[in-house]
>>> print(open('work-v5.cif').read())   # mmCIF, C-alpha atoms and all ligand atoms
data_model
loop_
_atom_site.label_atom_id
_atom_site.label_comp_id
_atom_site.auth_asym_id
_atom_site.auth_seq_id
_atom_site.Cartn_x
_atom_site.Cartn_y
_atom_site.Cartn_z
CA MET A 1329 196.32 21.86 -82.89
CA LEU A 1330 196.56 25.53 -83.74
CA THR A 1331 197.52 26.58 -80.22
CA GLN A 1332 199.79 23.66 -79.49
CA ALA A 1333 203.48 23.75 -80.39
CA PRO A 1334 204.74 20.78 -82.42
CA LYS A 1335 205.80 17.72 -80.43
CA GLY A 1336 209.30 17.98 -79.02
CA THR A 1337 209.51 21.77 -79.21
CA GLN A 1338 209.51 24.29 -76.38
CA ASP A 1339 208.76 27.96 -75.99
CA MET A 1340 211.14 30.09 -73.99
CA LEU A 1341 208.78 32.56 -72.35
CA PRO A 1342 209.68 36.10 -71.22
CA GLN A 1343 209.72 35.21 -67.52
CA ASP A 1344 212.35 32.49 -68.17
CA SER A 1345 214.39 33.86 -71.04
CA TYR A 1346 216.80 35.72 -68.74
CA ARG A 1347 218.12 32.31 -67.63
CA TRP A 1348 218.77 31.39 -71.23
CA GLN A 1349 220.46 34.73 -71.82
CA ALA A 1350 222.70 34.21 -68.79
CA ILE A 1351 223.83 30.84 -70.15
CA GLU A 1352 224.52 32.33 -73.53
CA ARG A 1353 226.38 35.28 -72.02
CA SER A 1354 228.59 33.03 -69.91
CA MET A 1355 229.41 31.02 -73.03
CA ARG A 1356 230.45 34.12 -74.95
CA GLU A 1357 232.49 35.52 -72.06
CA ALA A 1358 234.36 32.28 -71.32
CA CYS A 1359 235.07 31.71 -75.01
CA ALA A 1360 236.37 35.25 -75.51
CA LEU A 1361 238.73 34.81 -72.53
CA ALA A 1362 240.13 31.64 -74.08
CA GLY A 1363 240.65 33.09 -77.57
CA PHE A 1364 237.58 31.64 -79.27
CA ARG A 1365 235.62 33.61 -81.87
CA GLU A 1366 232.06 33.10 -82.96
CA ILE A 1367 231.03 31.31 -86.13
CA ARG A 1368 227.43 31.18 -87.36
CA THR A 1369 226.51 28.68 -90.01
CA PRO A 1370 223.14 28.09 -91.69
CA ILE A 1371 220.34 26.17 -90.02
CA PHE A 1372 220.17 23.84 -92.99
CA GLU A 1373 222.82 22.22 -95.12
CA HIS A 1374 222.96 19.70 -97.95
CA THR A 1375 221.95 16.34 -96.53
CA GLU A 1376 225.14 14.78 -97.82
CA LEU A 1377 227.22 16.95 -95.49
CA PHE A 1378 225.72 15.27 -92.44
CA GLN A 1379 225.80 11.82 -94.00
CA ARG A 1380 229.54 12.26 -94.47
CA GLY A 1381 230.27 14.61 -91.58
CA VAL A 1382 228.27 12.94 -88.83
CA GLY A 1383 228.41 9.54 -90.46
CA ASP A 1384 225.73 7.40 -91.99
CA THR A 1385 226.14 4.64 -89.42
CA THR A 1386 225.13 6.92 -86.53
CA ASP A 1387 221.69 7.06 -84.90
CA VAL A 1388 221.58 10.75 -85.74
CA VAL A 1389 221.85 10.13 -89.48
CA GLN A 1390 220.04 6.80 -89.66
CA LYS A 1391 217.03 7.69 -87.54
CA GLU A 1392 216.90 11.29 -86.41
CA MET A 1393 217.44 13.75 -89.26
CA TYR A 1394 214.89 16.30 -90.43
CA THR A 1395 215.41 15.84 -94.14
CA PHE A 1396 213.27 17.23 -96.90
CA GLU A 1397 213.40 18.07 -100.56
CA ASP A 1398 213.25 21.78 -101.38
CA LYS A 1399 211.47 23.25 -104.39
CA GLY A 1400 214.65 22.83 -106.46
CA ASN A 1401 214.69 19.08 -105.68
CA ARG A 1402 217.74 19.32 -103.45
CA SER A 1403 217.90 17.16 -100.38
CA ILE A 1404 218.19 19.52 -97.42
CA THR A 1405 218.60 18.69 -93.74
CA LEU A 1406 218.06 20.87 -90.68
CA LYS A 1407 221.28 20.73 -88.72
CA PRO A 1408 221.29 17.97 -86.11
CA GLU A 1409 224.56 19.21 -84.57
CA GLY A 1410 227.10 21.97 -85.09
CA THR A 1411 230.37 20.34 -86.11
CA ALA A 1412 229.67 19.39 -89.72
CA GLY A 1413 228.58 22.92 -90.70
CA ALA A 1414 231.62 24.43 -88.99
CA VAL A 1415 233.95 22.07 -90.83
CA ARG A 1416 232.22 22.86 -94.12
CA ALA A 1417 232.63 26.60 -93.50
CA PHE A 1418 236.27 26.12 -92.43
CA ILE A 1419 237.01 24.46 -95.75
CA GLU A 1420 234.83 26.67 -97.94
CA SER A 1421 236.30 29.91 -96.58
CA HIS A 1422 239.88 28.58 -96.77
CA MET A 1423 240.28 29.26 -93.08
CA TYR A 1424 242.95 26.53 -93.12
CA ALA A 1425 245.24 29.01 -94.93
CA ASP A 1426 244.95 31.55 -92.06
CA ALA A 1427 246.76 31.46 -88.75
CA LEU A 1428 245.99 28.14 -87.07
CA PRO A 1429 244.64 26.91 -84.77
CA ALA A 1430 241.24 28.34 -85.59
CA LYS A 1431 239.31 28.46 -82.33
CA LEU A 1432 235.60 28.76 -83.03
CA TYR A 1433 232.43 28.74 -80.97
CA TYR A 1434 228.71 28.94 -81.53
CA ALA A 1435 226.10 29.96 -78.99
CA ALA A 1436 222.53 28.73 -78.71
CA CYS A 1437 222.65 27.09 -82.11
CA PRO A 1438 219.28 25.47 -82.97
CA CYS A 1439 219.59 21.73 -83.64
CA PHE A 1440 216.93 19.36 -84.91
CA ARG A 1441 216.60 15.64 -84.30
CA TYR A 1442 213.56 13.51 -84.86
CA GLU A 1443 213.70 11.81 -81.47
CA LYS A 1444 211.02 10.25 -79.32
CA PRO A 1445 210.11 13.23 -77.16
CA GLN A 1446 210.81 12.52 -73.49
CA SER A 1447 212.45 14.19 -70.55
CA GLY A 1448 215.61 15.89 -71.79
CA ARG A 1449 215.00 14.89 -75.38
CA LEU A 1450 213.58 17.52 -77.70
CA ARG A 1451 213.15 17.69 -81.45
CA GLN A 1452 214.38 21.25 -81.56
CA PHE A 1453 217.04 21.95 -78.97
CA HIS A 1454 219.94 24.38 -78.74
CA GLN A 1455 223.64 23.83 -78.39
CA ASN A 1456 226.56 25.87 -77.29
CA GLY A 1457 229.63 24.44 -78.93
CA VAL A 1458 233.31 24.91 -79.67
CA GLU A 1459 235.52 23.59 -82.46
CA VAL A 1460 239.31 23.91 -82.75
CA PHE A 1461 241.02 23.24 -86.05
CA GLY A 1462 244.76 22.77 -86.50
CA ALA A 1463 245.84 21.81 -82.97
CA LYS A 1464 246.98 18.27 -82.36
CA ASP A 1465 248.45 18.43 -78.86
CA ALA A 1466 246.43 17.02 -75.99
CA SER A 1467 246.75 20.38 -74.26
CA VAL A 1468 243.88 21.64 -76.41
CA ASP A 1469 241.77 18.60 -75.50
CA ALA A 1470 242.22 19.55 -71.85
CA GLU A 1471 241.64 23.23 -72.58
CA ILE A 1472 238.22 22.72 -74.14
CA ILE A 1473 237.18 20.35 -71.36
CA LYS A 1474 238.18 22.97 -68.80
CA LEU A 1475 236.26 25.57 -70.79
CA ALA A 1476 233.11 23.42 -70.67
CA MET A 1477 233.51 22.93 -66.92
CA ASP A 1478 234.02 26.67 -66.39
CA ILE A 1479 230.87 27.52 -68.35
CA LEU A 1480 228.83 25.02 -66.36
CA LYS A 1481 230.27 26.41 -63.12
CA ALA A 1482 229.48 29.97 -64.15
CA ASN A 1483 225.86 28.84 -64.30
CA GLY A 1484 225.91 27.35 -60.83
CA ILE A 1485 226.46 23.81 -62.07
CA ASP A 1486 229.48 22.05 -60.62
CA GLY A 1487 230.44 18.62 -59.39
CA LEU A 1488 229.42 17.00 -62.67
CA LYS A 1489 231.10 13.77 -63.69
CA LEU A 1490 233.70 13.99 -66.42
CA ASN A 1491 234.14 10.72 -68.31
CA ILE A 1492 236.94 10.35 -70.83
CA ASN A 1493 238.05 7.69 -73.25
CA SER A 1494 240.21 7.22 -76.32
CA ILE A 1495 238.89 5.58 -79.45
CA GLY A 1496 242.28 5.43 -81.18
CA CYS A 1497 243.09 6.28 -84.75
CA PRO A 1498 242.80 4.47 -88.10
CA ASN A 1499 246.20 2.87 -87.33
CA CYS A 1500 245.26 1.01 -84.20
CA ARG A 1501 241.58 0.71 -84.92
CA LYS A 1502 241.92 -1.72 -87.79
CA ALA A 1503 243.26 -4.58 -85.69
CA TYR A 1504 240.87 -3.69 -82.89
CA LEU A 1505 237.82 -3.78 -85.13
CA GLU A 1506 238.76 -7.31 -86.19
CA LYS A 1507 238.96 -8.33 -82.53
CA LEU A 1508 235.62 -6.68 -81.89
CA ARG A 1509 233.96 -8.40 -84.84
CA GLU A 1510 235.26 -11.74 -83.59
CA TYR A 1511 233.65 -11.03 -80.24
CA LEU A 1512 230.39 -9.83 -81.78
CA ARG A 1513 229.97 -12.47 -84.50
CA PRO A 1514 228.38 -15.20 -82.34
CA LYS A 1515 226.09 -12.61 -80.70
CA LEU A 1516 224.98 -11.10 -83.98
CA PRO A 1517 221.56 -12.83 -84.18
CA THR A 1518 220.62 -11.38 -80.77
CA LEU A 1519 221.41 -7.77 -81.75
CA CYS A 1520 218.95 -5.23 -83.10
CA LYS A 1521 218.52 -4.81 -86.83
CA THR A 1522 220.40 -1.52 -87.01
CA CYS A 1523 223.39 -3.05 -85.23
CA GLN A 1524 223.41 -6.06 -87.53
CA GLU A 1525 223.78 -3.61 -90.39
CA ARG A 1526 226.59 -1.81 -88.56
CA PHE A 1527 228.60 -4.99 -88.04
CA ASP A 1528 230.57 -4.74 -91.28
CA ARG A 1529 230.99 -1.01 -91.67
CA ASN A 1530 231.25 0.29 -88.14
CA PRO A 1531 231.04 -2.30 -85.38
CA MET A 1532 232.20 0.22 -82.76
CA ARG A 1533 228.84 1.95 -83.13
CA ILE A 1534 227.19 -1.20 -81.79
CA LEU A 1535 228.77 -0.47 -78.41
CA ASP A 1536 226.88 2.85 -78.40
CA CYS A 1537 223.46 1.31 -79.13
CA LYS A 1538 221.06 2.06 -76.28
CA GLU A 1539 219.39 -1.33 -76.83
CA ASP A 1540 222.36 -3.63 -77.32
CA ALA A 1541 225.19 -2.04 -75.34
CA PRO A 1542 224.02 -3.40 -71.97
CA LYS A 1543 224.42 -6.96 -73.31
CA LEU A 1544 227.97 -6.27 -74.43
CA THR A 1545 229.75 -5.14 -71.29
CA ASP A 1546 232.60 -7.65 -71.71
CA ALA A 1547 233.42 -6.53 -75.25
CA PRO A 1548 237.10 -5.77 -75.92
CA ALA A 1549 237.79 -2.06 -75.39
CA MET A 1550 239.57 0.20 -77.85
CA LEU A 1551 241.37 1.70 -74.87
CA ASP A 1552 243.26 -1.56 -74.30
CA ASN A 1553 244.31 -1.69 -77.93
CA LEU A 1554 245.74 1.78 -78.60
CA CYS A 1555 248.87 2.31 -80.67
CA GLU A 1556 251.84 4.06 -79.12
CA GLU A 1557 250.88 7.51 -80.40
CA CYS A 1558 247.27 7.32 -79.23
CA SER A 1559 248.31 5.89 -75.91
CA ALA A 1560 250.82 8.72 -75.41
CA HIS A 1561 248.15 11.28 -76.35
CA PHE A 1562 245.78 9.85 -73.75
CA GLU A 1563 248.50 9.89 -71.06
CA LYS A 1564 249.25 13.52 -71.87
CA LEU A 1565 245.57 14.42 -71.67
CA LYS A 1566 245.31 12.85 -68.23
CA GLY A 1567 248.37 14.84 -67.14
CA TYR A 1568 246.90 18.13 -68.36
CA LEU A 1569 243.54 17.45 -66.73
CA THR A 1570 245.23 16.73 -63.43
CA ALA A 1571 247.34 19.88 -63.76
CA LEU A 1572 244.10 21.85 -64.27
CA GLY A 1573 242.61 20.28 -61.17
CA LEU A 1574 239.91 18.42 -63.11
CA GLU A 1575 238.79 15.07 -61.77
CA TYR A 1576 237.87 12.49 -64.37
CA ARG A 1577 236.80 8.91 -64.75
CA ILE A 1578 237.90 6.68 -67.59
CA ASP A 1579 234.89 5.12 -69.29
CA PRO A 1580 235.96 2.68 -72.02
CA ARG A 1581 232.34 2.47 -73.19
CA ILE A 1582 232.13 6.00 -74.58
CA VAL A 1583 232.16 5.66 -78.35
CA ARG A 1584 231.52 8.46 -80.75
CA GLY A 1585 232.57 5.81 -83.19
CA LEU A 1586 233.25 6.97 -86.70
CA ASP A 1587 236.33 6.36 -88.74
CA TYR A 1588 237.27 10.02 -88.67
CA TYR A 1589 236.66 10.47 -84.96
CA THR A 1590 239.95 9.84 -83.24
CA LYS A 1591 241.63 9.65 -79.88
CA THR A 1592 239.93 11.70 -77.17
CA VAL A 1593 236.19 11.40 -76.51
CA PHE A 1594 234.47 12.68 -73.41
CA GLU A 1595 231.13 13.32 -71.75
CA ILE A 1596 230.07 15.50 -68.87
CA ILE A 1597 227.12 13.93 -67.09
CA THR A 1598 224.95 14.34 -64.02
CA ASP A 1599 222.72 12.06 -61.99
CA THR A 1600 218.98 12.62 -62.17
CA PRO A 1601 216.55 12.23 -59.24
CA ASP A 1602 215.03 9.10 -60.82
CA GLY A 1603 218.39 7.35 -60.66
CA GLY A 1604 219.27 7.96 -64.30
CA GLU A 1605 222.02 9.96 -65.92
CA LEU A 1606 221.84 13.03 -68.11
CA THR A 1607 224.58 14.01 -70.53
CA VAL A 1608 225.02 17.76 -70.53
CA CYS A 1609 228.07 17.98 -72.79
CA GLY A 1610 229.72 15.61 -75.23
CA GLY A 1611 232.75 16.02 -77.41
CA GLY A 1612 235.78 14.55 -79.03
CA ARG A 1613 238.62 14.73 -81.47
CA TYR A 1614 238.04 14.28 -85.18
CA ASP A 1615 241.46 14.41 -86.78
CA GLY A 1616 240.19 12.82 -90.00
CA LEU A 1617 237.04 14.88 -90.58
CA VAL A 1618 238.36 17.96 -92.41
CA GLU A 1619 240.08 15.72 -94.93
CA GLU A 1620 237.03 13.45 -95.19
CA LEU A 1621 234.98 16.49 -96.22
CA GLY A 1622 237.47 17.61 -98.85
CA GLY A 1623 239.87 19.91 -96.99
CA PRO A 1624 243.56 19.51 -96.25
CA ALA A 1625 244.42 17.08 -93.44
CA THR A 1626 243.80 19.14 -90.31
CA PRO A 1627 243.27 17.91 -86.76
CA GLY A 1628 240.07 19.00 -85.08
CA ILE A 1629 238.31 18.73 -81.76
CA GLY A 1630 235.11 20.10 -80.25
CA TRP A 1631 232.15 19.68 -77.95
CA GLY A 1632 228.44 20.42 -77.87
CA MET A 1633 226.50 21.39 -74.77
CA GLY A 1634 222.70 21.33 -74.64
CA ILE A 1635 221.22 24.56 -73.28
CA GLU A 1636 217.90 22.90 -72.34
CA ARG A 1637 219.85 20.20 -70.48
CA MET A 1638 221.71 22.92 -68.54
CA LEU A 1639 218.38 24.49 -67.61
CA MET A 1640 217.19 21.04 -66.56
CA VAL A 1641 220.17 20.53 -64.28
CA GLN A 1642 219.55 23.96 -62.77
CA ASP A 1643 215.92 22.97 -62.16
CA ILE A 1644 216.86 19.60 -60.67
CA ARG A 1645 219.28 21.28 -58.28
CA GLY A 1646 217.04 24.21 -57.47
CA ILE A 1647 219.48 26.72 -58.93
CA VAL A 1648 217.31 29.63 -59.98
CA PRO A 1649 219.42 32.64 -60.89
CA ALA A 1650 217.87 35.92 -59.72
CA ALA A 1651 215.80 37.63 -62.42
CA PRO A 1652 216.94 41.13 -63.32
CA ASP A 1653 214.50 43.99 -62.59
CA TYR A 1654 212.02 44.28 -65.44
CA LEU A 1655 211.83 48.08 -65.25
CA ASP A 1656 213.72 50.65 -63.13
CA ALA A 1657 211.06 53.31 -63.42
CA PHE A 1658 207.42 53.62 -64.45
CA VAL A 1659 205.79 56.91 -65.37
CA VAL A 1660 202.17 57.38 -64.33
CA THR A 1661 200.34 60.14 -66.18
CA LEU A 1662 197.02 61.87 -65.82
CA GLY A 1663 195.62 63.69 -68.83
CA ASP A 1664 196.84 64.34 -72.37
CA ASP A 1665 199.41 67.03 -71.52
CA ALA A 1666 200.86 64.80 -68.87
CA ARG A 1667 201.08 61.86 -71.26
CA MET A 1668 202.97 64.06 -73.75
CA ALA A 1669 205.43 64.98 -70.98
CA GLY A 1670 205.56 61.30 -69.96
CA VAL A 1671 206.44 60.11 -73.45
CA LYS A 1672 209.35 62.57 -73.53
CA LEU A 1673 210.49 61.70 -70.01
CA VAL A 1674 210.56 57.97 -70.77
CA ALA A 1675 212.63 58.60 -73.90
CA GLU A 1676 215.12 60.69 -71.85
CA LEU A 1677 215.34 58.05 -69.15
CA ARG A 1678 215.99 55.30 -71.68
CA ALA A 1679 218.69 57.42 -73.30
CA LYS A 1680 220.42 57.54 -69.89
CA GLY A 1681 220.26 53.75 -69.58
CA VAL A 1682 217.29 53.64 -67.23
CA LYS A 1683 214.79 50.90 -68.05
CA ALA A 1684 211.56 52.90 -68.17
CA ASP A 1685 208.02 52.66 -69.48
CA LEU A 1686 204.65 54.38 -69.20
CA ASP A 1687 201.00 53.52 -69.65
CA HIS A 1688 199.99 53.07 -73.26
CA ALA A 1689 196.48 51.85 -72.53
CA ALA A 1690 194.93 55.13 -71.28
CA ARG A 1691 194.12 53.56 -67.93
CA SER A 1692 193.10 55.29 -64.73
CA MET A 1693 195.79 56.44 -62.35
CA LYS A 1694 194.85 53.68 -59.91
CA ALA A 1695 195.14 51.04 -62.64
CA GLN A 1696 198.53 52.43 -63.66
CA PHE A 1697 199.80 52.13 -60.09
CA LYS A 1698 198.45 48.62 -59.85
CA TYR A 1699 200.28 47.72 -63.05
CA ALA A 1700 203.56 49.21 -61.77
CA GLY A 1701 203.09 47.24 -58.55
CA LYS A 1702 202.55 43.99 -60.45
CA LEU A 1703 205.77 44.58 -62.35
CA ASN A 1704 207.58 45.25 -59.09
CA VAL A 1705 208.89 48.60 -60.30
CA LYS A 1706 210.78 50.42 -57.54
CA LYS A 1707 210.40 54.02 -58.74
CA VAL A 1708 207.25 55.60 -60.07
CA VAL A 1709 207.09 59.14 -61.46
CA VAL A 1710 203.67 60.80 -61.36
CA ILE A 1711 202.94 63.51 -63.88
CA ALA A 1712 199.61 65.26 -63.43
CA GLY A 1713 198.30 68.29 -65.29
CA ASP A 1714 198.13 70.72 -62.37
CA GLU A 1715 201.61 69.89 -61.06
CA LEU A 1716 202.99 70.08 -64.53
CA GLU A 1717 201.86 73.70 -64.60
CA LYS A 1718 203.88 74.29 -61.43
CA GLY A 1719 206.86 72.61 -63.11
CA VAL A 1720 207.08 69.69 -60.71
CA VAL A 1721 206.48 65.94 -60.79
CA LYS A 1722 206.16 63.42 -57.98
CA LEU A 1723 208.71 60.68 -57.43
CA ARG A 1724 207.37 57.72 -55.48
CA ASP A 1725 209.69 55.19 -53.92
CA MET A 1726 207.51 52.07 -54.04
CA GLU A 1727 209.60 50.12 -51.52
CA LYS A 1728 209.58 52.83 -48.88
CA SER A 1729 206.15 54.17 -49.88
CA GLU A 1730 207.63 57.68 -49.85
CA GLU A 1731 206.67 60.43 -52.22
CA THR A 1732 208.67 63.61 -52.93
CA GLU A 1733 208.11 66.54 -55.24
CA VAL A 1734 210.92 67.02 -57.73
CA PRO A 1735 211.38 69.90 -60.19
CA ALA A 1736 210.53 68.50 -63.63
CA GLY A 1737 213.92 69.54 -64.96
CA GLU A 1738 215.76 67.41 -62.37
CA ILE A 1739 213.81 64.17 -62.51
CA VAL A 1740 215.99 62.44 -65.13
CA GLU A 1741 219.17 63.15 -63.14
CA ARG A 1742 217.52 62.04 -59.90
CA ILE A 1743 216.55 58.65 -61.31
CA ALA A 1744 219.57 58.09 -63.53
CA ASN A 1745 222.00 58.74 -60.64
CA ARG A 1746 220.05 56.62 -58.21
P1 LIG A 1801 222.36 11.28 -76.03
O1 LIG A 1801 223.26 10.16 -75.64
O2 LIG A 1801 221.70 11.95 -74.84
O3 LIG A 1801 221.40 10.91 -77.11
P2 LIG A 1801 224.03 12.43 -78.01
O4 LIG A 1801 225.27 11.63 -77.96
O5 LIG A 1801 223.05 12.18 -79.06
O6 LIG A 1801 223.31 12.42 -76.58
P3 LIG A 1801 225.48 14.75 -78.81
O7 LIG A 1801 225.29 14.48 -80.25
O8 LIG A 1801 226.80 14.53 -78.21
O9 LIG A 1801 224.38 13.97 -77.96
O10 LIG A 1801 224.97 16.25 -78.50
C1 LIG A 1801 225.63 17.08 -77.56
C2 LIG A 1801 224.67 17.57 -76.50
O11 LIG A 1801 223.48 18.08 -77.05
C3 LIG A 1801 224.19 16.49 -75.54
O12 LIG A 1801 225.14 16.25 -74.54
C4 LIG A 1801 222.94 17.14 -74.99
O13 LIG A 1801 223.25 18.08 -74.00
C5 LIG A 1801 222.38 17.85 -76.18
N1 LIG A 1801 221.34 17.05 -76.87
C6 LIG A 1801 221.50 16.06 -77.77
N2 LIG A 1801 220.33 15.60 -78.21
C7 LIG A 1801 219.37 16.33 -77.58
C8 LIG A 1801 217.93 16.35 -77.62
N3 LIG A 1801 217.25 15.54 -78.41
N4 LIG A 1801 217.28 17.25 -76.83
C9 LIG A 1801 217.96 18.09 -76.03
N5 LIG A 1801 219.31 18.13 -75.96
C10 LIG A 1801 220.01 17.26 -76.71
MG MG A 1802 221.23 11.15 -79.18
#
>>> encode(input="work-v5.cif", output="structure tokens", more="lines below")
Ligand code: ATP
Ligand code: MG
Amino acid sequence: MLTQAPKGTQDMLPQDSYRWQAIERSMREACALAGFREIRTPIFEHTELFQRGVGDTTDVVQKEMYTFEDKGNRSITLKPEGTAGAVRAFIESHMYADALPAKLYYAACPCFRYEKPQSGRLRQFHQNGVEVFGAKDASVDAEIIKLAMDILKANGIDGLKLNINSIGCPNCRKAYLEKLREYLRPKLPTLCKTCQERFDRNPMRILDCKEDAPKLTDAPAMLDNLCEECSAHFEKLKGYLTALGLEYRIDPRIVRGLDYYTKTVFEIITDTPDGGELTVCGGGRYDGLVEELGGPATPGIGWGMGIERMLMVQDIRGIVPAAPDYLDAFVVTLGDDARMAGVKLVAELRAKGVKADLDHAARSMKAQFKYAGKLNVKKVVVIAGDELEKGVVKLRDMEKSEETEVPAGEIVERIANR
């Protein structure tokens, strides 16, 4: 128990964390290029924010939230996704009064969902995400999709499937929901309990139920029932995607179905070796959400991308980015005087941007060399008492197995200007 991490959580160990850092770096770089700035919101929020902001007819809210009462008897929830907190901060900080659109991103944001742990499904996972507030044209829908594709590509992941759909707006959805209810009504007794409860309030969610959706493939699609404005928006999106050279597939079954989610929804998915599919990125437009949470009517759109899922895709495809060198130089010392000189040398090397270290365990010279070898360090400096008196140190090139004597005063320059 004590030495076992909780179910559904994962350590990111030192030998792997460079891959995580590369993903995060690519996210920050791509976002900066496209005019996005970082927002960081708390790990927990008032439960009500997610009930309203994610929607209390979603799986996330109904089944998956980490909710608890704090010592002040407030209901608190660990964030299951990034959008609701960003919208709350947008409203609370009056960002809507600044220059719009506000283009925001978050990197490696911890998210918590009480899911059944299985491949690709963790209880604590991490999302990169973007949110844009105050932009209603479909050009921004295409822009954030392109951004997601670029970030995946920067991490060696391309050729993923882009599926898009439109789930309309409150205008066209009303008539559609009636049609959908008519279709669902006779099937109601065969649906799961959660879906039966969704029938009145949010029947579109039923189409997203992992259990029931396969039985409902001939359900009427929102896409065939769009109003003129939503239909025009979708056509424009397709035009922009084509102009950006992005291939897409229209999947009328994608529903991120809440009343305040509108128009564009999309998913970026990949096949898995066992014949399944893995969603790496999901997003959509939520033109009604800012208002729903108490702000002025402001269009919004965003996506979330699972970092662990990206790592999984890299693993599946055998994409292992090269690990950076752990250290550039290691300083081997013999004796107390030498260690004193070594401590100073390492500090000077680090100040020049050389990744350097020395033995802190008072080990034999042989053991120090062995250690440097294990770490694959290319340059080893040897400081020994007698040579120190002569004012020289030895520089050993571990790859070439060559050793040269260098005046102590020149060693930093020699290594730093390698
Ligand atoms: P799914 O259909 O796989 O349950 P979702 O619709 O619940 O996905 P979103 O809410 O759209 O997922 O989250 C965005 C992204 O976050 C997903 O595409 C995925 O990469 C990642 N993600 C979601 N849930 C988990 C989880 N439990 N473990 C790891 N990553 C996850
Ligand atoms: Mg889910």
>>> residues_around(input="work-v5.cif", residues="A:Glu1373", least_positions_apart="4", cutoff="10 Å", atoms="only C-alpha atoms", output="list in words")
Thr1369, Leu1377, Phe1378, Thr1395, Ser1403, Ile1404, Thr1405, Leu1406, Lys1407, Ala1412, Gly1413 and Arg1416 of chain A
>>> closest_atom_pairs(input="work-v5.cif", of="chain A", to="ligand LIG 1801 (chain A)", cutoff="8 Å", atoms="only C-alpha atoms and all ligand atoms", output="tab-separated table")
residue	atom	partner	partner_atom	distance
A:Asp1387	CA	A:LIG1801	O5	7.9
A:Val1388	CA	A:LIG1801	O5	7.0
A:Pro1408	CA	A:LIG1801	O7	7.9
A:Glu1409	CA	A:LIG1801	O7	6.4
A:Phe1440	CA	A:LIG1801	N3	7.5
A:Arg1441	CA	A:LIG1801	N3	5.9
A:Tyr1442	CA	A:LIG1801	N3	7.7
A:Glu1443	CA	A:LIG1801	N3	6.0
A:Pro1445	CA	A:LIG1801	N3	7.6
A:Gly1448	CA	A:LIG1801	C9	5.3
A:Arg1449	CA	A:LIG1801	N4	3.6
A:Leu1450	CA	A:LIG1801	N4	3.8
A:Arg1451	CA	A:LIG1801	N3	5.5
A:Gln1452	CA	A:LIG1801	N4	6.8
A:Phe1453	CA	A:LIG1801	C9	4.9
A:His1454	CA	A:LIG1801	N5	6.9
A:Gln1455	CA	A:LIG1801	O11	5.9
A:Arg1584	CA	A:LIG1801	O4	7.5
A:Glu1595	CA	A:LIG1801	O12	7.2
A:Ile1596	CA	A:LIG1801	O12	7.6
A:Leu1606	CA	A:LIG1801	O2	6.8
A:Thr1607	CA	A:LIG1801	O12	4.6
A:Val1608	CA	A:LIG1801	O13	3.9
A:Cys1609	CA	A:LIG1801	O12	3.8
A:Gly1610	CA	A:LIG1801	O8	4.3
A:Gly1611	CA	A:LIG1801	O8	6.2
A:Trp1631	CA	A:LIG1801	C1	7.0
A:Gly1632	CA	A:LIG1801	C1	4.4
A:Met1633	CA	A:LIG1801	C2	4.6
A:Gly1634	CA	A:LIG1801	O13	3.4
A:Ile1635	CA	A:LIG1801	O13	6.8
A:Glu1636	CA	A:LIG1801	C9	6.1
A:Arg1637	CA	A:LIG1801	O13	5.3
A:Met1638	CA	A:LIG1801	O13	7.5
>>> closest_residue(input="work-v5.cif", among="A:Ser1692, A:Gln1338, A:Gln1390, A:Gln1642", to="ligand MG 1802 (chain A)", atoms="only C-alpha atoms and all ligand atoms")
A:Gln1390
>>> closest_residue(input="work-v5.cif", among="A:Gln1332, A:Thr1626, A:Gln1446, A:Thr1732", to="ligand MG 1802 (chain A)", atoms="only C-alpha atoms and all ligand atoms")
A:Gln1446
>>> atom_distance(input="work-v5.cif", atom1="atom CA of A:Glu1676", atom2="atom CA of A:Ala1712")
18.2 Å
>>> residues_around(input="work-v5.cif", residues="A:Gln1696", least_positions_apart="5", cutoff="10 Å", atoms="all atoms listed in the file", output="mmCIF file with C-alpha atoms, in the coordinates of the input")
data_model
loop_
_atom_site.group_PDB
_atom_site.id
_atom_site.type_symbol
_atom_site.label_atom_id
_atom_site.label_comp_id
_atom_site.auth_asym_id
_atom_site.auth_seq_id
_atom_site.Cartn_x
_atom_site.Cartn_y
_atom_site.Cartn_z
ATOM 1 C CA PHE A 1658 207.420 53.620 -64.450
ATOM 2 C CA VAL A 1659 205.790 56.910 -65.370
ATOM 3 C CA VAL A 1660 202.170 57.380 -64.330
ATOM 4 C CA THR A 1661 200.340 60.140 -66.180
ATOM 5 C CA LEU A 1662 197.020 61.870 -65.820
ATOM 6 C CA LEU A 1686 204.650 54.380 -69.200
ATOM 7 C CA ASP A 1687 201.000 53.520 -69.650
ATOM 8 C CA HIS A 1688 199.990 53.070 -73.260
ATOM 9 C CA ALA A 1689 196.480 51.850 -72.530
ATOM 10 C CA ALA A 1690 194.930 55.130 -71.280
ATOM 11 C CA ARG A 1691 194.120 53.560 -67.930
ATOM 12 C CA GLY A 1701 203.090 47.240 -58.550
ATOM 13 C CA LYS A 1702 202.550 43.990 -60.450
ATOM 14 C CA VAL A 1708 207.250 55.600 -60.070
#
>>> atom_distance(input="work-v5.cif", atom1="atom CA of A:Val1709", atom2="atom CA of A:Leu1341")
28.8 Å
>>> residues_around(input="work-v5.cif", residues="A:Glu1738", least_positions_apart="4", cutoff="10 Å", atoms="all atoms listed in the file", output="list in words")
Val1720, Val1721, Val1734, Arg1742 and Ile1743 of chain A
>>> closest_residue(input="work-v5.cif", among="A:Leu1723, A:Ala1695, A:Ala1435, A:Ile1534", to="A:Ile1351", atoms="all atoms listed in the file")
A:Ala1435
